[in-house]
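Undergrad: Sending over my_file.txt (compact mmCIF, C-alpha atoms and all ligand atoms).
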# COMPACT_ATOMS: atom_id res chain seq x y z
CA MET A 24 0.00 0.00 0.00
CA ASN A 25 1.30 3.42 -0.96
CA VAL A 26 0.84 6.24 1.53
CA LYS A 27 0.74 10.01 1.11
CA ILE A 28 0.89 12.31 4.12
CA CYS A 29 -0.54 15.66 3.05
CA GLY A 30 -0.45 19.15 4.53
CA ILE A 31 3.20 19.04 5.60
CA THR A 32 4.24 22.41 7.03
CA SER A 33 7.40 21.58 9.01
CA PHE A 34 10.74 19.78 8.74
CA GLU A 35 9.89 17.55 11.69
CA ALA A 36 6.56 16.38 10.23
CA ALA A 37 8.28 15.57 6.93
CA SER A 38 10.96 13.55 8.71
CA TRP A 39 8.29 11.60 10.68
CA ALA A 40 6.57 10.79 7.39
CA ARG A 41 9.84 9.58 5.83
CA GLU A 42 10.90 7.56 8.90
CA ALA A 43 7.45 5.98 9.13
CA GLY A 44 7.78 4.83 5.48
CA ALA A 45 5.46 7.24 3.62
CA ASP A 46 5.87 7.21 -0.16
CA MET A 47 4.69 10.78 -0.80
CA ILE A 48 4.32 14.01 1.14
CA GLY A 49 1.98 16.81 0.12
CA PHE A 50 2.45 20.58 0.32
CA VAL A 51 -0.67 22.74 0.08
CA PHE A 52 -0.48 25.81 -2.18
CA ALA A 53 -4.22 26.53 -1.98
CA ASN A 54 -6.50 28.30 0.46
CA SER A 55 -5.97 26.31 3.67
CA SER A 56 -4.58 26.56 7.17
CA ARG A 57 -1.83 24.27 5.84
CA ARG A 58 -0.68 26.53 3.01
CA ILE A 59 3.10 27.15 2.89
CA PRO A 60 5.41 29.16 0.60
CA ALA A 61 7.11 27.32 -2.28
CA GLU A 62 10.58 28.17 -0.90
CA LEU A 63 9.81 26.45 2.42
CA ALA A 64 8.42 23.43 0.56
CA ARG A 65 11.70 23.22 -1.41
CA GLU A 66 13.81 23.32 1.78
CA ILE A 67 11.66 20.66 3.47
CA GLY A 68 11.71 18.52 0.31
CA GLU A 69 15.51 18.73 0.04
CA ALA A 70 15.86 17.73 3.69
CA VAL A 71 13.62 14.70 3.16
CA GLY A 72 15.56 13.51 0.10
CA PRO A 73 14.56 11.93 -3.22
CA ASN A 74 12.99 8.70 -1.97
CA VAL A 75 9.83 10.43 -0.77
CA LYS A 76 7.94 12.00 -3.68
CA LYS A 77 6.70 15.58 -3.31
CA VAL A 78 3.17 16.52 -4.30
CA GLY A 79 1.88 20.09 -4.63
CA VAL A 80 -1.84 20.58 -3.94
CA PHE A 81 -3.60 23.27 -6.00
CA VAL A 82 -7.22 24.42 -6.30
CA ASN A 83 -8.20 26.24 -9.52
CA GLU A 84 -4.76 27.88 -9.71
CA GLU A 85 -3.40 29.51 -12.86
CA SER A 86 -1.24 27.25 -14.97
CA GLY A 87 1.74 29.64 -14.98
CA VAL A 88 1.69 29.89 -11.18
CA ILE A 89 1.66 26.10 -10.87
CA CYS A 90 4.60 25.78 -13.30
CA ASP A 91 6.63 28.31 -11.29
CA ILE A 92 5.87 26.54 -7.99
CA VAL A 93 6.72 23.12 -9.47
CA LYS A 94 10.18 24.46 -10.35
CA THR A 95 10.78 26.41 -7.15
CA ALA A 96 9.55 23.69 -4.80
CA GLY A 97 10.97 20.76 -6.83
CA LEU A 98 7.66 18.90 -7.06
CA ASP A 99 7.27 15.39 -8.51
CA TYR A 100 3.46 15.58 -8.92
CA VAL A 101 0.70 18.17 -8.92
CA GLN A 102 -2.60 17.36 -7.21
CA LEU A 103 -5.42 19.30 -8.88
CA HIS A 104 -8.12 19.58 -6.22
CA GLY A 105 -10.51 21.99 -7.97
CA ASP A 106 -12.50 22.08 -11.21
CA GLU A 107 -9.53 21.86 -13.59
CA THR A 108 -10.33 20.67 -17.12
CA ALA A 109 -8.71 17.74 -18.89
CA GLU A 110 -6.96 20.15 -21.24
CA PHE A 111 -5.54 22.02 -18.23
CA ALA A 112 -4.17 18.76 -16.79
CA GLU A 113 -2.58 17.79 -20.12
CA ASN A 114 -0.42 20.90 -19.95
CA MET A 115 1.04 20.29 -16.50
CA PRO A 116 4.85 19.94 -16.31
CA VAL A 117 4.78 16.84 -14.05
CA PRO A 118 2.37 13.90 -13.61
CA VAL A 119 -1.07 14.80 -12.28
CA ILE A 120 -3.17 13.47 -9.41
CA LYS A 121 -6.75 14.62 -10.07
CA ALA A 122 -9.06 14.89 -7.07
CA PHE A 123 -12.81 14.45 -7.36
CA SER A 124 -15.42 14.74 -4.61
CA VAL A 125 -17.56 11.73 -4.00
CA LYS A 126 -21.29 11.97 -4.68
CA GLU A 127 -24.20 9.65 -5.49
CA ASN A 128 -24.33 8.27 -9.06
CA ILE A 129 -20.74 9.25 -9.86
CA PRO A 130 -19.83 8.92 -13.56
CA TYR A 131 -16.75 6.80 -12.83
CA LYS A 132 -16.10 6.03 -16.51
CA GLU A 133 -15.73 9.73 -17.25
CA MET A 134 -13.70 10.31 -14.09
CA PHE A 135 -11.15 7.59 -14.87
CA ALA A 136 -10.88 8.81 -18.48
CA TYR A 137 -9.40 12.08 -17.11
CA PRO A 138 -5.76 12.47 -18.25
CA ALA A 139 -4.12 11.97 -14.85
CA LYS A 140 -1.73 9.35 -13.53
CA TYR A 141 -3.88 8.86 -10.43
CA ILE A 142 -7.49 9.66 -9.54
CA LEU A 143 -8.02 10.74 -5.92
CA ILE A 144 -11.51 10.44 -4.47
CA ASP A 145 -12.24 12.65 -1.48
CA SER A 146 -15.24 13.69 0.62
CA PRO A 147 -17.32 16.70 -0.48
CA PRO A 148 -15.66 20.06 0.32
CA ALA A 149 -16.28 21.85 3.63
CA ARG A 150 -14.54 25.08 4.75
CA PHE A 151 -11.69 24.47 2.31
CA ARG A 152 -11.72 22.41 -0.87
CA GLY A 153 -10.02 19.48 0.90
CA GLY A 154 -8.58 18.40 4.21
CA SER A 155 -12.00 18.39 5.88
CA GLY A 156 -11.50 15.18 7.86
CA GLN A 157 -14.91 13.91 6.74
CA VAL A 158 -15.23 10.23 5.91
CA PHE A 159 -17.58 8.98 3.16
CA ASP A 160 -19.36 5.73 2.39
CA TRP A 161 -16.63 3.58 0.82
CA SER A 162 -19.24 1.24 -0.68
CA LEU A 163 -19.77 3.98 -3.29
CA LEU A 164 -16.44 2.80 -4.75
CA GLU A 165 -17.75 -0.72 -5.35
CA ASN A 166 -18.16 -0.19 -9.07
CA PRO A 167 -16.50 -1.98 -12.01
CA ASP A 168 -15.59 1.36 -13.60
CA VAL A 169 -13.34 2.25 -10.64
CA ASP A 170 -9.74 1.49 -11.67
CA LYS A 171 -8.21 0.45 -8.35
CA ASN A 172 -4.69 0.59 -9.86
CA ARG A 173 -5.07 4.36 -10.28
CA LEU A 174 -7.24 5.07 -7.23
CA ILE A 175 -6.04 7.14 -4.27
CA LEU A 176 -8.50 7.04 -1.37
CA ALA A 177 -8.80 10.17 0.80
CA GLY A 178 -11.26 11.88 3.09
CA GLY A 179 -11.49 11.39 6.84
CA LEU A 180 -8.94 8.58 7.04
CA SER A 181 -7.30 8.04 10.44
CA PRO A 182 -5.17 5.50 12.31
CA ASP A 183 -8.45 4.05 13.62
CA ASN A 184 -10.17 3.40 10.29
CA ILE A 185 -7.26 2.87 7.88
CA GLU A 186 -7.11 -0.93 8.15
CA GLU A 187 -10.81 -1.27 7.36
CA ALA A 188 -10.47 1.29 4.54
CA VAL A 189 -7.58 -0.56 2.86
CA GLN A 190 -9.24 -3.96 3.23
CA SER A 191 -12.58 -2.83 1.85
CA VAL A 192 -11.44 -0.47 -0.95
CA GLN A 193 -8.00 -1.90 -1.95
CA PRO A 194 -6.82 1.35 -3.59
CA PHE A 195 -3.39 2.05 -5.11
CA ALA A 196 -2.70 4.55 -2.31
CA VAL A 197 -4.24 6.31 0.67
CA ASP A 198 -3.91 10.02 1.46
CA ILE A 199 -4.38 11.73 4.81
CA SER A 200 -4.12 15.20 6.25
CA SER A 201 -6.24 16.06 9.30
CA GLY A 202 -6.43 12.49 10.66
CA VAL A 203 -2.74 12.58 11.64
CA GLU A 204 -3.02 15.93 13.42
CA THR A 205 -3.64 17.04 16.99
CA ASP A 206 -4.79 20.64 17.47
CA GLY A 207 -4.05 21.42 13.82
CA ARG A 208 -0.43 20.18 13.85
CA LYS A 209 0.97 16.89 12.59
CA ASP A 210 1.30 14.37 15.42
CA GLU A 211 4.31 12.01 15.38
CA THR A 212 2.48 9.07 16.97
CA LYS A 213 -0.48 9.34 14.60
CA VAL A 214 1.79 9.60 11.54
CA PHE A 215 3.64 6.40 12.53
CA GLN A 216 0.45 4.53 13.44
CA PHE A 217 -1.23 5.52 10.19
CA VAL A 218 1.63 4.52 7.89
CA GLN A 219 2.32 1.24 9.70
CA ARG A 220 -1.34 0.22 9.76
CA ALA A 221 -1.90 1.19 6.12
CA LYS A 222 1.12 -0.82 4.99
CA GLY A 223 0.25 -3.77 7.23
CA ALA A 224 -3.37 -3.98 6.16
CA ASN A 225 -2.99 -5.49 2.67
O1 LIG B 301 -5.12 19.53 3.37
C1 LIG B 301 -5.60 20.62 3.01
O2 LIG B 301 -5.59 21.61 3.75
C2 LIG B 301 -6.21 20.77 1.63
C3 LIG B 301 -6.64 22.02 1.20
C4 LIG B 301 -7.18 22.18 -0.06
C5 LIG B 301 -7.31 21.10 -0.91
C6 LIG B 301 -6.90 19.83 -0.49
C7 LIG B 301 -6.36 19.65 0.77
N1 LIG B 301 -5.94 18.40 1.22
C8 LIG B 301 -6.42 17.17 0.68
O3 LIG B 301 -7.69 16.86 1.25
C9 LIG B 301 -7.88 15.46 1.27
C10 LIG B 301 -8.53 14.95 2.56
O4 LIG B 301 -7.93 15.40 3.70
P1 LIG B 301 -8.37 14.82 5.17
O5 LIG B 301 -7.48 13.63 5.41
O6 LIG B 301 -9.81 14.48 5.13
O7 LIG B 301 -8.06 15.92 6.12
C11 LIG B 301 -6.52 14.85 0.96
O8 LIG B 301 -6.57 14.44 -0.39
C12 LIG B 301 -5.55 15.99 1.06
O9 LIG B 301 -4.54 15.80 0.08
When written as structure tokens, how does the structure in this file appear?
TA:
Amino acid sequence: MNVKICGITSFEAASWAREAGADMIGFVFANSSRRIPAELAREIGEAVGPNVKKVGVFVNEESGVICDIVKTAGLDYVQLHGDETAEFAENMPVPVIKAFSVKENIPYKEMFAYPAKYILIDSPPARFRGGSGQVFDWSLLENPDVDKNRLILAGGLSPDNIEEAVQSVQPFAVDISSGVETDGRKDETKVFQFVQRAKGAN
């Protein structure tokens, strides 16, 4: 199981993610309490090293701004968490993770035809576009049009529900932000528990 720890804002949180065995870390460049400058993301990314891939999270950002941040921060992927078109994604400088909000009667065929390396399915937006900590009904993903090899599961995951989530959905990867925080800051114990349980749950 691949694991992404999102909303990294400090060197120590990034090193917990790496030591715990996370495959990707996410930096938020959108409206969020977790937003950080591209220069800080670059410094944290350099400290973590090349084995952990760096993802930049954007919501309806201009293409030129994303390209600049990809270069400055040294990103491996962009996560498009807004209403970005397929044409927009095709012009990104690095591979794309496209986030969609879950809803009833989702057109999965259309969703998985989107030109992205991975498709991330998240809960509906709350205060910000993502990172709400809300869980959704995973049985909505029981559909033959869901390509599990490209699926990243997100939305309200936590050390307490991750084993059940992995066993029932069997996605390519899982992504978490608020579920490994205490009082709005990443929590070392929760980061380790989450990664270990996700990787042990196959
Ligand atoms: O984490 C954020 O602050 C954020 C802000 C804007 C867009 C996406 C964001 N994060 C993504 O939200 C989901 C779910 O997070 P949570 O685990 O429910 O808190 C995840 O994909 C993050 O990458």
Undergrad: Skipping near chain neighbours, those fewer than 5 positions away, what residues fall within 8 Å of Val75 (chain A) using all atoms listed in the file, listed as a compact mmCIF listing (two decimals) with C-alpha atoms, in the frame of the given file?
TA:
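Now in part-v3.txt:
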# COMPACT_ATOMS: atom_id res chain seq x y z
CA ARG A 41 9.84 9.58 5.83
CA ALA A 45 5.46 7.24 3.62
CA ASP A 46 5.87 7.21 -0.16
CA MET A 47 4.69 10.78 -0.80
CA ILE A 48 4.32 14.01 1.14
Undergrad: Find the residues of chain A that sit at most 8 Å from ligand LIG 301 (chain B); for each, write down the nearest two atoms and how far apart they are in Å, to one decimal. Count all atoms listed in the file. Sort by chain, then by number going up, and give it as a Markdown table.
TA:
| residue | atom | partner | partner_atom | distance |
| --- | --- | --- | --- | --- |
| A:Lys27 | CA | B:LIG301 | O9 | 7.9 |
| A:Ile28 | CA | B:LIG301 | O9 | 7.6 |
| A:Cys29 | CA | B:LIG301 | O9 | 5.0 |
| A:Gly30 | CA | B:LIG301 | O1 | 4.8 |
| A:Gly49 | CA | B:LIG301 | O9 | 6.6 |
| A:Val51 | CA | B:LIG301 | C2 | 6.1 |
| A:Phe52 | CA | B:LIG301 | C4 | 7.9 |
| A:Ala53 | CA | B:LIG301 | C4 | 5.6 |
| A:Asn54 | CA | B:LIG301 | C4 | 6.2 |
| A:Ser55 | CA | B:LIG301 | O2 | 4.7 |
| A:Ser56 | CA | B:LIG301 | O2 | 6.1 |
| A:Arg57 | CA | B:LIG301 | O2 | 5.1 |
| A:Arg58 | CA | B:LIG301 | O2 | 7.0 |
| A:Val80 | CA | B:LIG301 | C6 | 6.2 |
| A:Phe81 | CA | B:LIG301 | C5 | 6.7 |
| A:Val82 | CA | B:LIG301 | C5 | 6.3 |
| A:Gln102 | CA | B:LIG301 | O9 | 7.7 |
| A:His104 | CA | B:LIG301 | C5 | 5.6 |
| A:Gly105 | CA | B:LIG301 | C5 | 7.8 |
| A:Ala122 | CA | B:LIG301 | O8 | 7.1 |
| A:Leu143 | CA | B:LIG301 | O8 | 6.8 |
| A:Ile144 | CA | B:LIG301 | O8 | 7.6 |
| A:Asp145 | CA | B:LIG301 | C9 | 5.9 |
| A:Ser146 | CA | B:LIG301 | C10 | 7.1 |
| A:Phe151 | CA | B:LIG301 | C4 | 5.6 |
| A:Arg152 | CA | B:LIG301 | C5 | 4.6 |
| A:Gly153 | CA | B:LIG301 | C6 | 3.4 |
| A:Gly154 | CA | B:LIG301 | O4 | 3.1 |
| A:Ser155 | CA | B:LIG301 | O6 | 4.5 |
| A:Gly156 | CA | B:LIG301 | O6 | 3.3 |
| A:Gln157 | CA | B:LIG301 | O6 | 5.4 |
| A:Val158 | CA | B:LIG301 | O6 | 6.9 |
| A:Leu176 | CA | B:LIG301 | O8 | 7.7 |
| A:Ala177 | CA | B:LIG301 | O8 | 5.0 |
| A:Gly178 | CA | B:LIG301 | O6 | 3.6 |
| A:Gly179 | CA | B:LIG301 | O6 | 3.9 |
| A:Leu180 | CA | B:LIG301 | O5 | 5.5 |
| A:Ser181 | CA | B:LIG301 | O5 | 7.5 |
| A:Asp198 | CA | B:LIG301 | O8 | 5.5 |
| A:Ile199 | CA | B:LIG301 | O5 | 3.7 |
| A:Ser200 | CA | B:LIG301 | O5 | 3.8 |
| A:Ser201 | CA | B:LIG301 | O7 | 3.7 |
| A:Gly202 | CA | B:LIG301 | O5 | 5.5 |
| A:Val203 | CA | B:LIG301 | O5 | 7.9 |
Undergrad: Which residue, A:Leu63, A:Val214, A:Ala70, A:Ala224, has the smallest gap to Thr95 (chain A) when you use all atoms listed in the file?
TA: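 Ranking A:Leu63, A:Val214, A:Ala70, A:Ala224 by distance to Thr95 (chain A), first place goes to A:Leu63.
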Undergrad: Starting from 3 Å padding per side, set up an axis-aligned box that covers all listed atoms of region 178-197 of chain A and hand over centre and edge lengths in Å, one decimal, as lines of an AutoDock Vina configuration file.
TA:
center_x = -7.6
center_y = 4.0
center_z = 4.3
size_x = 15.9
size_y = 21.8
size_z = 24.7
Undergrad: For the atom pair CA of Lys126 (chain A) and CA of Val169 (chain A), what is the interatomic distance in Å to one decimal place?
TA: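 These two atoms are separated by 13.9 Å.
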Undergrad: How far is it from CA of Trp161 (chain A) to CA of Val119 (chain A), in Å with one decimal?
TA: 23.2 Å
Undergrad: Here is a test: counting all atoms listed in the file, which residue of A:Asn25, A:Asp99, A:Ser124, A:Ala64 is nearest to Arg173 (chain A)?
TA: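 Selected residue with least distance to Arg173 (chain A): A:Asn25.
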Undergrad: Could you please determine the separation between CA of Pro138 (chain A) and CA of Ile92 (chain A) in Å, to one decimal place?
TA: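 These two atoms are separated by 20.9 Å.
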Undergrad: Please determine, counting only C-alpha atoms, which residue among A:Gly79, A:Glu186, A:Trp39, A:Phe34 has the shortest atom-to-atom distance to Glu211 (chain A).
TA: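 Of the candidates, the smallest distance to Glu211 (chain A) is held by A:Trp39.
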Undergrad: Considering all atoms listed in the file, return as a list of chain:residue names whatever protein or nucleic-acid residues lie within 10 Å of Cys90 (chain A), sequence-local ones (same chain, fewer than 2 positions apart) excluded.
TA: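 Once the nearby chain positions are removed, what remains is A:Glu85, A:Ser86, A:Gly87, A:Val88, A:Ile92, A:Val93, A:Lys94, A:Thr95, A:Leu98, A:Val101, A:Asn114, A:Met115, A:Pro116, A:Val117.
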Undergrad: Which residues come within 10 Å of Ser33 (chain A), counting all atoms listed in the file, excluding same-chain residues fewer than 6 positions away, as a list in words?
TA: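 Using all atoms listed in the file, the neighbours found are Ile59, Leu63, Ala64, Glu66, Ile67, Arg208 and Lys209 of chain A.
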Undergrad: Please produce a file of the residues just selected, as a compact mmCIF listing (two decimals), keeping the file's coordinate frame, where the atoms kept are C-alpha atoms.
TA:
# COMPACT_ATOMS: atom_id res chain seq x y z
CA ILE A 59 3.10 27.15 2.89
CA LEU A 63 9.81 26.45 2.42
CA ALA A 64 8.42 23.43 0.56
CA GLU A 66 13.81 23.32 1.78
CA ILE A 67 11.66 20.66 3.47
CA ARG A 208 -0.43 20.18 13.85
CA LYS A 209 0.97 16.89 12.59
Undergrad: Name the closest residue to Glu165 (chain A) among the candidates A:Ile129, A:Ile142, A:Ala112, A:Ile89; distances are taken between atoms, counting all atoms listed in the file.
TA: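 Using all atoms listed in the file, Glu165 (chain A) sits closest to A:Ile129.
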